[in-house]
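This is start.cif. It holds mmCIF, C-alpha atoms.
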```
data_input
#
loop_
_atom_site.group_PDB
_atom_site.id
_atom_site.type_symbol
_atom_site.label_atom_id
_atom_site.label_comp_id
_atom_site.auth_asym_id
_atom_site.auth_seq_id
_atom_site.Cartn_x
_atom_site.Cartn_y
_atom_site.Cartn_z
ATOM 1 C CA MET A 1 179.848 137.626 125.784
ATOM 2 C CA GLN A 2 177.901 140.625 124.680
ATOM 3 C CA SER A 3 174.144 140.885 125.029
ATOM 4 C CA SER A 4 172.291 139.220 122.159
ATOM 5 C CA PHE A 5 168.838 138.004 121.247
ATOM 6 C CA LEU A 6 169.796 134.623 122.705
ATOM 7 C CA SER A 7 170.853 135.932 126.100
ATOM 8 C CA ALA A 8 168.417 138.842 126.330
ATOM 9 C CA VAL A 9 165.244 137.124 125.083
ATOM 10 C CA LEU A 10 165.437 133.380 124.429
ATOM 11 C CA LEU A 11 167.290 132.339 127.596
ATOM 12 C CA PRO A 12 164.956 134.243 129.982
ATOM 13 C CA LEU A 13 161.957 132.861 128.068
ATOM 14 C CA ALA A 14 163.294 129.311 128.404
ATOM 15 C CA LEU A 15 163.829 129.819 132.135
ATOM 16 C CA VAL A 16 160.299 131.191 132.570
ATOM 17 C CA ILE A 17 158.886 128.062 130.896
ATOM 18 C CA ILE A 18 161.079 125.863 133.081
ATOM 19 C CA MET A 19 160.037 127.610 136.291
ATOM 20 C CA PHE A 20 156.358 127.358 135.357
ATOM 21 C CA GLY A 21 156.844 123.627 134.841
ATOM 22 C CA MET A 22 158.418 123.363 138.281
ATOM 23 C CA GLY A 23 155.461 125.166 139.779
ATOM 24 C CA LEU A 24 153.177 122.448 138.405
ATOM 25 C CA THR A 25 154.959 119.961 140.691
ATOM 26 C CA LEU A 26 154.861 122.046 143.890
ATOM 27 C CA THR A 27 152.362 122.783 146.636
ATOM 28 C CA VAL A 28 152.378 125.201 149.554
ATOM 29 C CA GLN A 29 153.174 122.249 151.820
ATOM 30 C CA ASP A 30 156.543 121.806 150.090
ATOM 31 C CA PHE A 31 157.617 125.276 151.209
ATOM 32 C CA ARG A 32 156.167 124.827 154.682
ATOM 33 C CA ARG A 33 158.417 121.804 155.164
ATOM 34 C CA VAL A 34 161.439 123.926 154.263
ATOM 35 C CA TRP A 35 160.641 126.578 156.843
ATOM 36 C CA ILE A 36 159.621 124.072 159.531
ATOM 37 C CA ALA A 37 163.082 122.537 159.130
ATOM 38 C CA PRO A 38 165.400 125.535 158.516
ATOM 39 C CA LYS A 39 168.600 123.522 158.942
ATOM 40 C CA ALA A 40 168.895 122.796 155.207
ATOM 41 C CA VAL A 41 168.326 126.453 154.291
ATOM 42 C CA ALA A 42 170.988 127.633 156.748
ATOM 43 C CA ILE A 43 173.557 125.096 155.560
ATOM 44 C CA GLY A 44 172.838 125.882 151.912
ATOM 45 C CA LEU A 45 173.259 129.628 152.451
ATOM 46 C CA ILE A 46 176.510 129.193 154.386
ATOM 47 C CA ALA A 47 177.884 127.019 151.589
ATOM 48 C CA GLN A 48 176.788 129.471 148.879
ATOM 49 C CA LEU A 49 177.650 132.800 150.465
ATOM 50 C CA VAL A 50 180.701 131.964 152.592
ATOM 51 C CA MET A 51 182.396 128.758 151.487
ATOM 52 C CA LEU A 52 181.957 129.242 147.735
ATOM 53 C CA PRO A 53 183.711 132.669 147.626
ATOM 54 C CA LEU A 54 186.507 131.235 149.797
ATOM 55 C CA LEU A 55 186.862 128.380 147.308
ATOM 56 C CA GLY A 56 186.992 130.906 144.464
ATOM 57 C CA PHE A 57 189.768 132.901 146.135
ATOM 58 C CA THR A 58 191.731 129.711 146.815
ATOM 59 C CA ILE A 59 191.526 128.501 143.217
ATOM 60 C CA ALA A 60 192.286 131.943 141.765
ATOM 61 C CA SER A 61 195.339 132.237 144.017
ATOM 62 C CA LEU A 62 196.761 128.790 143.283
ATOM 63 C CA THR A 63 196.324 128.732 139.504
ATOM 64 C CA PRO A 64 198.445 130.633 136.922
ATOM 65 C CA LEU A 65 195.822 133.131 135.776
ATOM 66 C CA SER A 66 196.262 136.720 134.685
ATOM 67 C CA PRO A 67 194.972 139.230 137.266
ATOM 68 C CA GLU A 68 191.883 140.025 135.158
ATOM 69 C CA LEU A 69 190.943 136.361 134.794
ATOM 70 C CA ALA A 70 191.550 135.772 138.506
ATOM 71 C CA VAL A 71 189.125 138.565 139.328
ATOM 72 C CA GLY A 72 186.704 137.008 136.844
ATOM 73 C CA VAL A 73 186.814 133.753 138.823
ATOM 74 C CA ILE A 74 186.079 135.712 142.017
ATOM 75 C CA ILE A 75 183.100 137.411 140.364
ATOM 76 C CA LEU A 76 181.777 134.015 139.277
ATOM 77 C CA ALA A 77 182.159 132.548 142.766
ATOM 78 C CA ALA A 78 180.302 135.552 144.187
ATOM 79 C CA CYS A 79 177.216 134.817 142.034
ATOM 80 C CA PRO A 80 175.688 131.587 143.361
ATOM 81 C CA GLY A 81 172.484 129.951 142.259
ATOM 82 C CA GLY A 82 169.933 131.072 139.725
ATOM 83 C CA PRO A 83 167.028 129.487 137.848
ATOM 84 C CA THR A 84 169.389 127.068 136.081
ATOM 85 C CA SER A 85 170.211 125.365 139.385
ATOM 86 C CA ASN A 86 166.455 125.033 139.967
ATOM 87 C CA LEU A 87 166.163 123.275 136.603
ATOM 88 C CA PHE A 88 168.913 120.777 137.385
ATOM 89 C CA THR A 89 167.410 120.113 140.823
ATOM 90 C CA PHE A 90 164.080 119.435 139.153
ATOM 91 C CA LEU A 91 165.630 116.993 136.678
ATOM 92 C CA ALA A 92 167.687 115.280 139.416
ATOM 93 C CA ALA A 93 164.602 114.721 141.606
ATOM 94 C CA GLY A 94 166.047 116.901 144.348
ATOM 95 C CA ASP A 95 164.134 119.120 146.770
ATOM 96 C CA VAL A 96 162.808 121.754 144.348
ATOM 97 C CA ALA A 97 161.161 123.837 147.071
ATOM 98 C CA LEU A 98 164.480 124.053 148.922
ATOM 99 C CA SER A 99 166.256 124.949 145.675
ATOM 100 C CA ILE A 100 163.876 127.795 144.873
ATOM 101 C CA THR A 101 164.031 129.051 148.458
ATOM 102 C CA LEU A 102 167.850 129.110 148.420
ATOM 103 C CA THR A 103 167.902 130.833 145.027
ATOM 104 C CA ALA A 104 165.461 133.516 146.145
ATOM 105 C CA ILE A 105 167.197 134.261 149.470
ATOM 106 C CA SER A 106 170.756 134.147 148.128
ATOM 107 C CA SER A 107 169.823 136.331 145.164
ATOM 108 C CA LEU A 108 168.573 139.030 147.518
ATOM 109 C CA ILE A 109 171.602 138.771 149.821
ATOM 110 C CA THR A 110 174.099 138.884 146.945
ATOM 111 C CA VAL A 111 172.820 142.312 145.960
ATOM 112 C CA PHE A 112 174.872 143.438 148.966
ATOM 113 C CA SER A 113 177.530 140.703 149.181
ATOM 114 C CA ILE A 114 178.725 140.717 145.551
ATOM 115 C CA PRO A 115 180.198 144.256 145.635
ATOM 116 C CA TRP A 116 182.080 143.421 148.830
ATOM 117 C CA VAL A 117 183.486 140.115 147.505
ATOM 118 C CA VAL A 118 184.397 141.589 144.112
ATOM 119 C CA ASN A 119 186.177 144.548 145.673
ATOM 120 C CA LEU A 120 188.237 142.120 147.775
ATOM 121 C CA GLY A 121 189.183 140.367 144.542
ATOM 122 C CA LEU A 122 190.140 143.628 142.867
ATOM 123 C CA GLN A 123 192.337 144.524 145.842
ATOM 124 C CA ALA A 124 193.959 141.091 145.991
ATOM 125 C CA PHE A 125 194.766 140.656 142.291
ATOM 126 C CA LEU A 126 194.810 144.156 140.786
ATOM 127 C CA ASP A 127 195.612 146.266 143.853
ATOM 128 C CA GLN A 128 192.644 148.489 143.159
ATOM 129 C CA THR A 129 189.040 148.960 144.177
ATOM 130 C CA SER A 130 185.917 149.832 142.267
ATOM 131 C CA THR A 131 182.858 151.345 143.881
ATOM 132 C CA PHE A 132 179.737 149.818 142.394
ATOM 133 C CA GLN A 133 176.472 148.313 143.554
ATOM 134 C CA LEU A 134 173.779 146.202 142.031
ATOM 135 C CA PRO A 135 170.515 148.128 141.629
ATOM 136 C CA PHE A 136 168.265 146.575 144.269
ATOM 137 C CA GLY A 137 164.902 147.297 142.658
ATOM 138 C CA PRO A 138 165.681 146.019 139.129
ATOM 139 C CA THR A 139 167.463 142.968 140.550
ATOM 140 C CA VAL A 140 164.465 141.996 142.683
ATOM 141 C CA VAL A 141 162.115 142.537 139.734
ATOM 142 C CA GLN A 142 164.287 140.353 137.494
ATOM 143 C CA ILE A 143 164.292 137.548 140.068
ATOM 144 C CA ALA A 144 160.527 137.812 140.473
ATOM 145 C CA VAL A 145 159.753 137.793 136.741
ATOM 146 C CA VAL A 146 162.068 134.919 135.843
ATOM 147 C CA ALA A 147 161.872 132.708 138.931
ATOM 148 C CA ILE A 148 159.092 133.502 141.397
ATOM 149 C CA ILE A 149 156.034 134.546 139.364
ATOM 150 C CA PRO A 150 156.164 131.561 136.942
ATOM 151 C CA VAL A 151 156.458 129.146 139.881
ATOM 152 C CA VAL A 152 153.461 130.755 141.614
ATOM 153 C CA LEU A 153 151.409 130.542 138.400
ATOM 154 C CA GLY A 154 152.308 126.863 138.028
ATOM 155 C CA MET A 155 151.310 126.194 141.639
ATOM 156 C CA LEU A 156 147.966 127.934 141.062
ATOM 157 C CA VAL A 157 147.312 125.734 138.035
ATOM 158 C CA ARG A 158 148.101 122.639 140.091
ATOM 159 C CA HIS A 159 145.816 123.810 142.900
ATOM 160 C CA TYR A 160 142.811 124.765 140.785
ATOM 161 C CA ALA A 161 143.276 122.334 137.858
ATOM 162 C CA PRO A 162 145.275 119.350 139.161
ATOM 163 C CA GLN A 163 144.363 117.083 136.249
ATOM 164 C CA LEU A 164 145.537 119.694 133.740
ATOM 165 C CA ALA A 165 148.780 120.133 135.713
ATOM 166 C CA GLN A 166 149.391 116.394 135.731
ATOM 167 C CA ARG A 167 148.806 116.106 131.971
ATOM 168 C CA THR A 168 150.998 119.128 131.230
ATOM 169 C CA ASP A 169 153.896 118.356 133.562
ATOM 170 C CA ARG A 170 155.605 115.547 131.659
ATOM 171 C CA SER A 171 155.402 117.161 128.214
ATOM 172 C CA LEU A 172 156.395 120.587 129.520
ATOM 173 C CA ARG A 173 159.465 119.098 131.179
ATOM 174 C CA TRP A 174 160.680 117.761 127.844
ATOM 175 C CA ILE A 175 159.757 120.958 125.994
ATOM 176 C CA SER A 176 161.596 123.167 128.478
ATOM 177 C CA THR A 177 164.694 120.959 128.389
ATOM 178 C CA ALA A 178 164.707 120.965 124.576
ATOM 179 C CA PHE A 179 164.205 124.739 124.560
ATOM 180 C CA LEU A 180 167.180 125.258 126.847
ATOM 181 C CA ALA A 181 169.308 122.852 124.794
ATOM 182 C CA ALA A 182 168.536 124.912 121.682
ATOM 183 C CA VAL A 183 169.680 128.059 123.480
ATOM 184 C CA ILE A 184 172.962 126.369 124.468
ATOM 185 C CA VAL A 185 173.591 125.279 120.881
ATOM 186 C CA GLY A 186 172.923 128.855 119.811
ATOM 187 C CA PHE A 187 175.501 130.160 122.278
ATOM 188 C CA PHE A 188 178.092 127.726 120.958
ATOM 189 C CA ALA A 189 177.373 128.823 117.388
ATOM 190 C CA GLN A 190 177.520 132.504 118.319
ATOM 191 C CA GLU A 191 180.913 132.241 120.041
ATOM 192 C CA ARG A 192 182.420 129.506 117.836
ATOM 193 C CA GLN A 193 185.394 131.674 116.804
ATOM 194 C CA ASN A 194 186.404 132.398 120.404
ATOM 195 C CA ILE A 195 185.509 129.173 122.196
ATOM 196 C CA LEU A 196 188.855 127.409 121.754
ATOM 197 C CA ALA A 197 190.967 130.357 122.919
ATOM 198 C CA PHE A 198 188.717 130.963 125.917
ATOM 199 C CA PHE A 199 188.788 127.304 126.941
ATOM 200 C CA GLN A 200 192.576 127.204 126.714
ATOM 201 C CA SER A 201 192.957 130.245 128.963
ATOM 202 C CA VAL A 202 190.519 129.449 131.738
ATOM 203 C CA GLY A 203 188.522 126.293 130.936
ATOM 204 C CA GLY A 204 190.373 124.024 133.355
ATOM 205 C CA VAL A 205 190.063 126.520 136.189
ATOM 206 C CA VAL A 206 186.302 127.024 135.889
ATOM 207 C CA LEU A 207 185.819 123.260 135.534
ATOM 208 C CA LEU A 208 187.774 122.781 138.773
ATOM 209 C CA LEU A 209 185.650 125.443 140.501
ATOM 210 C CA ASN A 210 182.470 123.799 139.251
ATOM 211 C CA LEU A 211 183.393 120.267 140.341
ATOM 212 C CA LEU A 212 184.804 121.248 143.731
ATOM 213 C CA ALA A 213 181.775 123.423 144.467
ATOM 214 C CA MET A 214 179.387 120.553 143.697
ATOM 215 C CA ALA A 215 181.449 118.211 145.871
ATOM 216 C CA LEU A 216 181.494 120.831 148.635
ATOM 217 C CA GLY A 217 177.721 121.170 148.601
ATOM 218 C CA VAL A 218 177.006 117.440 148.540
ATOM 219 C CA GLY A 219 179.677 116.710 151.134
ATOM 220 C CA LEU A 220 178.493 119.357 153.579
ATOM 221 C CA ALA A 221 174.853 118.309 153.235
ATOM 222 C CA SER A 222 175.784 114.643 153.662
ATOM 223 C CA LEU A 223 177.895 115.323 156.747
ATOM 224 C CA THR A 224 174.974 117.164 158.322
ATOM 225 C CA ARG A 225 172.608 114.303 157.408
ATOM 226 C CA LEU A 226 170.147 116.256 155.323
ATOM 227 C CA GLY A 227 169.173 113.256 153.197
ATOM 228 C CA TYR A 228 169.868 112.344 149.588
ATOM 229 C CA ALA A 229 167.395 114.725 147.935
ATOM 230 C CA ARG A 230 168.563 117.752 149.895
ATOM 231 C CA ALA A 231 172.221 116.866 149.407
ATOM 232 C CA THR A 232 171.503 116.761 145.674
ATOM 233 C CA THR A 233 169.845 120.176 145.897
ATOM 234 C CA ILE A 234 172.622 121.862 147.859
ATOM 235 C CA GLY A 235 175.268 120.303 145.603
ATOM 236 C CA LEU A 236 173.585 121.918 142.609
ATOM 237 C CA GLU A 237 172.872 125.229 144.331
ATOM 238 C CA VAL A 238 176.525 125.592 145.315
ATOM 239 C CA GLY A 239 177.939 124.104 142.120
ATOM 240 C CA ILE A 240 175.828 125.932 139.523
ATOM 241 C CA GLN A 241 176.783 129.613 139.597
ATOM 242 C CA ASN A 242 174.824 132.444 137.970
ATOM 243 C CA GLY A 243 177.072 132.946 134.949
ATOM 244 C CA THR A 244 174.721 135.433 133.314
ATOM 245 C CA LEU A 245 174.905 137.772 136.297
ATOM 246 C CA ALA A 246 178.696 137.369 136.498
ATOM 247 C CA ILE A 247 179.071 138.322 132.819
ATOM 248 C CA ALA A 248 176.875 141.367 133.347
ATOM 249 C CA ILE A 249 178.917 142.542 136.351
ATOM 250 C CA ALA A 250 182.234 142.125 134.545
ATOM 251 C CA ALA A 251 181.339 143.469 131.102
ATOM 252 C CA SER A 252 178.552 145.982 131.648
ATOM 253 C CA PRO A 253 179.604 149.592 130.937
ATOM 254 C CA THR A 254 177.734 150.677 134.062
ATOM 255 C CA LEU A 255 179.610 148.223 136.326
ATOM 256 C CA LEU A 256 183.213 146.971 135.875
ATOM 257 C CA ASN A 257 183.322 147.420 132.070
ATOM 258 C CA ASN A 258 186.093 144.828 131.664
ATOM 259 C CA PRO A 259 185.230 142.125 129.076
ATOM 260 C CA ALA A 260 188.357 140.112 129.982
ATOM 261 C CA MET A 261 186.914 139.541 133.458
ATOM 262 C CA ALA A 262 183.785 138.070 131.848
ATOM 263 C CA ILE A 263 185.693 135.248 130.116
ATOM 264 C CA PRO A 264 185.598 132.818 133.101
ATOM 265 C CA ALA A 265 181.831 133.255 133.458
ATOM 266 C CA ALA A 266 181.291 132.880 129.699
ATOM 267 C CA ILE A 267 183.199 129.591 129.586
ATOM 268 C CA TYR A 268 181.643 128.432 132.827
ATOM 269 C CA SER A 269 178.156 129.027 131.405
ATOM 270 C CA LEU A 270 178.963 126.379 128.787
ATOM 271 C CA VAL A 271 180.852 123.979 131.072
ATOM 272 C CA MET A 272 178.146 123.866 133.737
ATOM 273 C CA PHE A 273 175.566 122.349 131.415
ATOM 274 C CA MET A 274 177.855 119.408 130.699
ATOM 275 C CA THR A 275 178.854 118.826 134.332
ATOM 276 C CA GLY A 276 175.336 119.557 135.562
ATOM 277 C CA GLY A 277 173.929 116.987 133.166
ATOM 278 C CA ILE A 278 176.437 114.369 134.327
ATOM 279 C CA PHE A 279 175.663 115.226 137.967
ATOM 280 C CA VAL A 280 171.916 114.801 137.325
ATOM 281 C CA TRP A 281 172.508 111.447 135.619
ATOM 282 C CA LEU A 282 174.674 110.175 138.479
ATOM 283 C CA ARG A 283 172.249 111.279 141.183
ATOM 284 C CA GLN A 284 169.333 109.673 139.324
ATOM 285 C CA ARG A 285 171.285 106.465 138.706
ATOM 286 C CA TYR A 286 172.364 106.017 142.309
ATOM 287 C CA GLN A 287 169.267 107.456 143.952
ATOM 288 C CA PRO A 288 168.208 105.273 146.911
ATOM 289 C CA THR A 289 164.792 103.673 146.992
ATOM 290 C CA ARG A 290 161.993 105.872 148.191
ATOM 291 C CA ALA A 291 161.777 103.976 151.489
ATOM 292 C CA VAL A 292 165.460 104.540 152.231
ATOM 293 C CA GLN A 293 165.306 108.153 151.140
ATOM 294 C CA THR A 294 162.267 108.833 153.277
ATOM 295 C CA ALA A 295 163.988 107.286 156.294
ATOM 296 C CA ALA A 296 167.001 109.535 155.698
ATOM 297 C CA GLU A 297 164.760 112.583 155.677
ATOM 298 C CA VAL A 298 162.728 111.733 158.788
ATOM 299 C CA PRO A 299 164.315 114.590 160.794
ATOM 300 C CA ALA A 300 162.973 117.068 158.233
ATOM 301 C CA ALA A 301 159.442 115.751 158.393
ATOM 302 C CA VAL A 302 159.078 114.454 161.972
ATOM 303 C CA GLY A 303 161.798 115.801 164.201
ATOM 304 C CA SER A 304 162.088 119.257 162.708
ATOM 305 C CA HIS A 305 161.023 120.916 165.955
ATOM 306 C CA LEU A 306 164.383 119.927 167.410
ATOM 307 C CA GLU A 307 166.372 121.865 164.765
#
```
Please express what this file holds, its structure, as structure tokens.
Amino acid sequence: MQSSFLSAVLLPLALVIIMFGMGLTLTVQDFRRVWIAPKAVAIGLIAQLVMLPLLGFTIASLTPLSPELAVGVIILAACPGGPTSNLFTFLAAGDVALSITLTAISSLITVFSIPWVVNLGLQAFLDQTSTFQLPFGPTVVQIAVVAIIPVVLGMLVRHYAPQLAQRTDRSLRWISTAFLAAVIVGFFAQERQNILAFFQSVGGVVLLLNLLAMALGVGLASLTRLGYARATTIGLEVGIQNGTLAIAIAASPTLLNNPAMAIPAAIYSLVMFMTGGIFVWLRQRYQPTRAVQTAAEVPAAVGSHLE
């Protein structure tokens, strides 16, 4: 759970490569469609920033966790999205522009919402409060370096060298996935002595949070008729939490400085790759034909002025 070469260097590098690859598949028009039809953005943010923390509090209250682990679950639920959800959306053929937009907006909002949610958790389970805040400037810079700048660079390559982007896209997708898989294997090897104990204490709870959050996102998007691709995106954005940020908040000496609270996020960071991979496979396997999918998304492209 402590900072290492894997988490401090290799994982951010892998995510930068992944985000650049996503940029090769995007155009400015993709983002214009998102803002012309803001319904999906609004629903995604409500699910991430309101319903997900409520789900976290419910699970933490109904399961037999120690107070520290319960607070750890709250911290995890307060940290939605991240570049990893963008990766899974990309692999699942979801709406990548919507995914990146939700990640960017929610990441900025959570700079203010995380302290409030976490303090509620501390009051509820430990009967105490802790005054802390995420540093706004460094957080924005981190988001820009890892998520936004690589996407913009990829989009520029596609715009000015479309043939190069097309040739690079397929191979870079496989390279980035293999790179991330190597990082995951490294994490398993690094924490091999603690994995079993951690899974026994909180594995079932974080798995439940992960699965219910994905179902919540897909269900809400489906009920509001956002279409298959956007339902896939919101399911992943709600279901894939930012475990790295949650670990930092719990264990950092400058924040909560409580490694026990980081255990749920540490285990979740391993679990989510398994469940995320299964989710991607299922959504690809049962993806409707392009004609059906396009018909389902007509309101986003044609009737968006009514939203």
Find the residues near Gly239 in chain A: any atom within 6 Å, counting all atoms listed in the file, skip ones fewer than 6 places away on the same chain, and give them as a ChimeraX atom specification.
/A:210,213-214
Just to confirm, what's the straight-line distance from CA of Ala182 in chain A to CA of Val218 in chain A in Å (one decimal)?
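One can read the CA of Ala182 in chain A to CA of Val218 in chain A distance as 29.1 Å.
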Output check: residues returned by the PyMOL selection byres ((chain A and resi 280-284) around 8), as a PDB file with C-alpha atoms, in the coordinates of the input:
```
ATOM      1  CA  PHE A  88     168.913 120.777 137.385  1.00  0.00           C
ATOM      2  CA  THR A  89     167.410 120.113 140.823  1.00  0.00           C
ATOM      3  CA  LEU A  91     165.630 116.993 136.678  1.00  0.00           C
ATOM      4  CA  ALA A  92     167.687 115.280 139.416  1.00  0.00           C
ATOM      5  CA  ALA A  93     164.602 114.721 141.606  1.00  0.00           C
ATOM      6  CA  THR A 232     171.503 116.761 145.674  1.00  0.00           C
ATOM      7  CA  GLY A 276     175.336 119.557 135.562  1.00  0.00           C
ATOM      8  CA  GLY A 277     173.929 116.987 133.166  1.00  0.00           C
ATOM      9  CA  ILE A 278     176.437 114.369 134.327  1.00  0.00           C
ATOM     10  CA  PHE A 279     175.663 115.226 137.967  1.00  0.00           C
ATOM     11  CA  ARG A 285     171.285 106.465 138.706  1.00  0.00           C
ATOM     12  CA  TYR A 286     172.364 106.017 142.309  1.00  0.00           C
ATOM     13  CA  GLN A 287     169.267 107.456 143.952  1.00  0.00           C
TER      14      GLN A 287
END
```
Selection result of the PyMOL selection byres ((chain A and resi 165) around 12) on this file, as a count of residues only:
28
Tell me, as JSON, numbers by chain, which residues lie within 10 Å of Gly217 in chain A, counting all atoms listed in the file; anything in the same chain fewer than 6 positions away does not count.
{"A": [43, 44, 46, 47, 48, 51, 52, 230, 231, 232, 233, 234, 235, 236, 237, 238, 239]}
Go through the shown structure with the PyMOL selection byres ((chain A and resi 246) around 9) and write out the matching residues as a list in words.
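On this input, the PyMOL selection byres ((chain A and resi 246) around 9) captures Gly72, Ile75, Leu76, Ala77, Ala78, Cys79, Gln241, Asn242, Gly243, Thr244, Leu245, Ile247, Ala248, Ile249, Ala250, Ala251, Ala262, Pro264, Ala265 and Ala266 of chain A.
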List the residues sitting within 8 Å of (182.1, 126.1, 129.3) in the file's frame, using only C-alpha atoms, as a list of chain:residue names.
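Result, sorted by chain then residue number: A:Phe199, A:Gly203, A:Val206, A:Leu207, A:Ala266, A:Ile267, A:Tyr268, A:Ser269, A:Leu270, A:Val271, A:Met272, A:Phe273.
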File dump, residues just selected, C-alpha atoms, as an mmCIF file, in the frame of the given file:
```
data_model
loop_
_atom_site.group_PDB
_atom_site.id
_atom_site.type_symbol
_atom_site.label_atom_id
_atom_site.label_comp_id
_atom_site.auth_asym_id
_atom_site.auth_seq_id
_atom_site.Cartn_x
_atom_site.Cartn_y
_atom_site.Cartn_z
ATOM 1 C CA PHE A 199 188.788 127.304 126.941
ATOM 2 C CA GLY A 203 188.522 126.293 130.936
ATOM 3 C CA VAL A 206 186.302 127.024 135.889
ATOM 4 C CA LEU A 207 185.819 123.260 135.534
ATOM 5 C CA ALA A 266 181.291 132.880 129.699
ATOM 6 C CA ILE A 267 183.199 129.591 129.586
ATOM 7 C CA TYR A 268 181.643 128.432 132.827
ATOM 8 C CA SER A 269 178.156 129.027 131.405
ATOM 9 C CA LEU A 270 178.963 126.379 128.787
ATOM 10 C CA VAL A 271 180.852 123.979 131.072
ATOM 11 C CA MET A 272 178.146 123.866 133.737
ATOM 12 C CA PHE A 273 175.566 122.349 131.415
#
```
Between CA of Gly56 in chain A and CA of Ile74 in chain A lies a distance of 5.5 Å
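Distances from A:Gln193, A:Ile17, A:Phe112, A:Glu68 to Asn257 in chain A were compared using all atoms listed in the file, and the smallest one belongs to A:Glu68.
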Quick one: residues within 12 Å of Val41 in chain A, all atoms listed in the file, excluding same-chain residues fewer than 5 positions away - as a ChimeraX atom specification?
/A:31,33-36,46-49,95,97-106,221,226,230-231,233-234,237,300,307
Which one of A:Ala189, A:Lys39, A:Leu87, A:Ser201 sits closest to Trp174 in chain A if you count only C-alpha atoms?
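Of A:Ala189, A:Lys39, A:Leu87, A:Ser201, the one nearest Trp174 in chain A, counting only C-alpha atoms, is A:Leu87.
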Work out how far CA of Ala229 in chain A is from CA of Pro80 in chain A, in Å to one decimal.
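These atoms are spaced 19.3 Å apart.
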Using 6 Å of padding on each side, determine the axis-aligned box around all atoms of range 205-209 of chain A present in the file and give its centre and edge lengths in Å to one decimal, as AutoDock Vina command-line options.
```
--center_x 187.9 --center_y 124.9 --center_z 138.0 --size_x 16.4 --size_y 16.2 --size_z 17.0
```
Using all atoms listed in the file and a cutoff of 10 Å, can you tell me which residues are near (195.7, 124.8, 137.8) in the file's coordinates, and write them out as a VMD selection string?
chain A and resid 59 to 65 202 204 to 206 208
Option closest in space to Asn194 in chain A, from A:Ile263, A:Ser107, A:Ala40, A:Val28 [counting only C-alpha atoms]
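Checking each candidate against Asn194 in chain A, we get A:Ile263 as the closest.
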Compare A:Val73, A:Val151, A:Ala178, A:Ala42 by their minimum atom-to-atom distance to Leu220 in chain A, counting only C-alpha atoms, and give me the closest one.
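Of all the options, A:Ala42 lies closest to Leu220 in chain A.
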From the structure block, carefully write range 72-84 of chain A out with C-alpha atoms; format it as a PDB file, in the first residue's frame.
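See out.pdb below for the written result:
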```pdb
ATOM      1  CA  GLY A  72     -11.959   3.008   4.198  1.00  0.00           C
ATOM      2  CA  VAL A  73     -15.004   1.889   2.199  1.00  0.00           C
ATOM      3  CA  ILE A  74     -16.447   5.413   2.491  1.00  0.00           C
ATOM      4  CA  ILE A  75     -13.182   6.920   1.241  1.00  0.00           C
ATOM      5  CA  LEU A  76     -13.233   4.548  -1.731  1.00  0.00           C
ATOM      6  CA  ALA A  77     -16.838   5.411  -2.588  1.00  0.00           C
ATOM      7  CA  ALA A  78     -15.947   9.109  -2.429  1.00  0.00           C
ATOM      8  CA  CYS A  79     -13.283   8.709  -5.157  1.00  0.00           C
ATOM      9  CA  PRO A  80     -15.132   7.947  -8.402  1.00  0.00           C
ATOM     10  CA  GLY A  81     -13.658   7.595 -11.846  1.00  0.00           C
ATOM     11  CA  GLY A  82     -10.102   8.006 -13.017  1.00  0.00           C
ATOM     12  CA  PRO A  83      -8.099   7.107 -16.125  1.00  0.00           C
ATOM     13  CA  THR A  84      -8.662   3.386 -15.504  1.00  0.00           C
TER      14      THR A  84
END
```
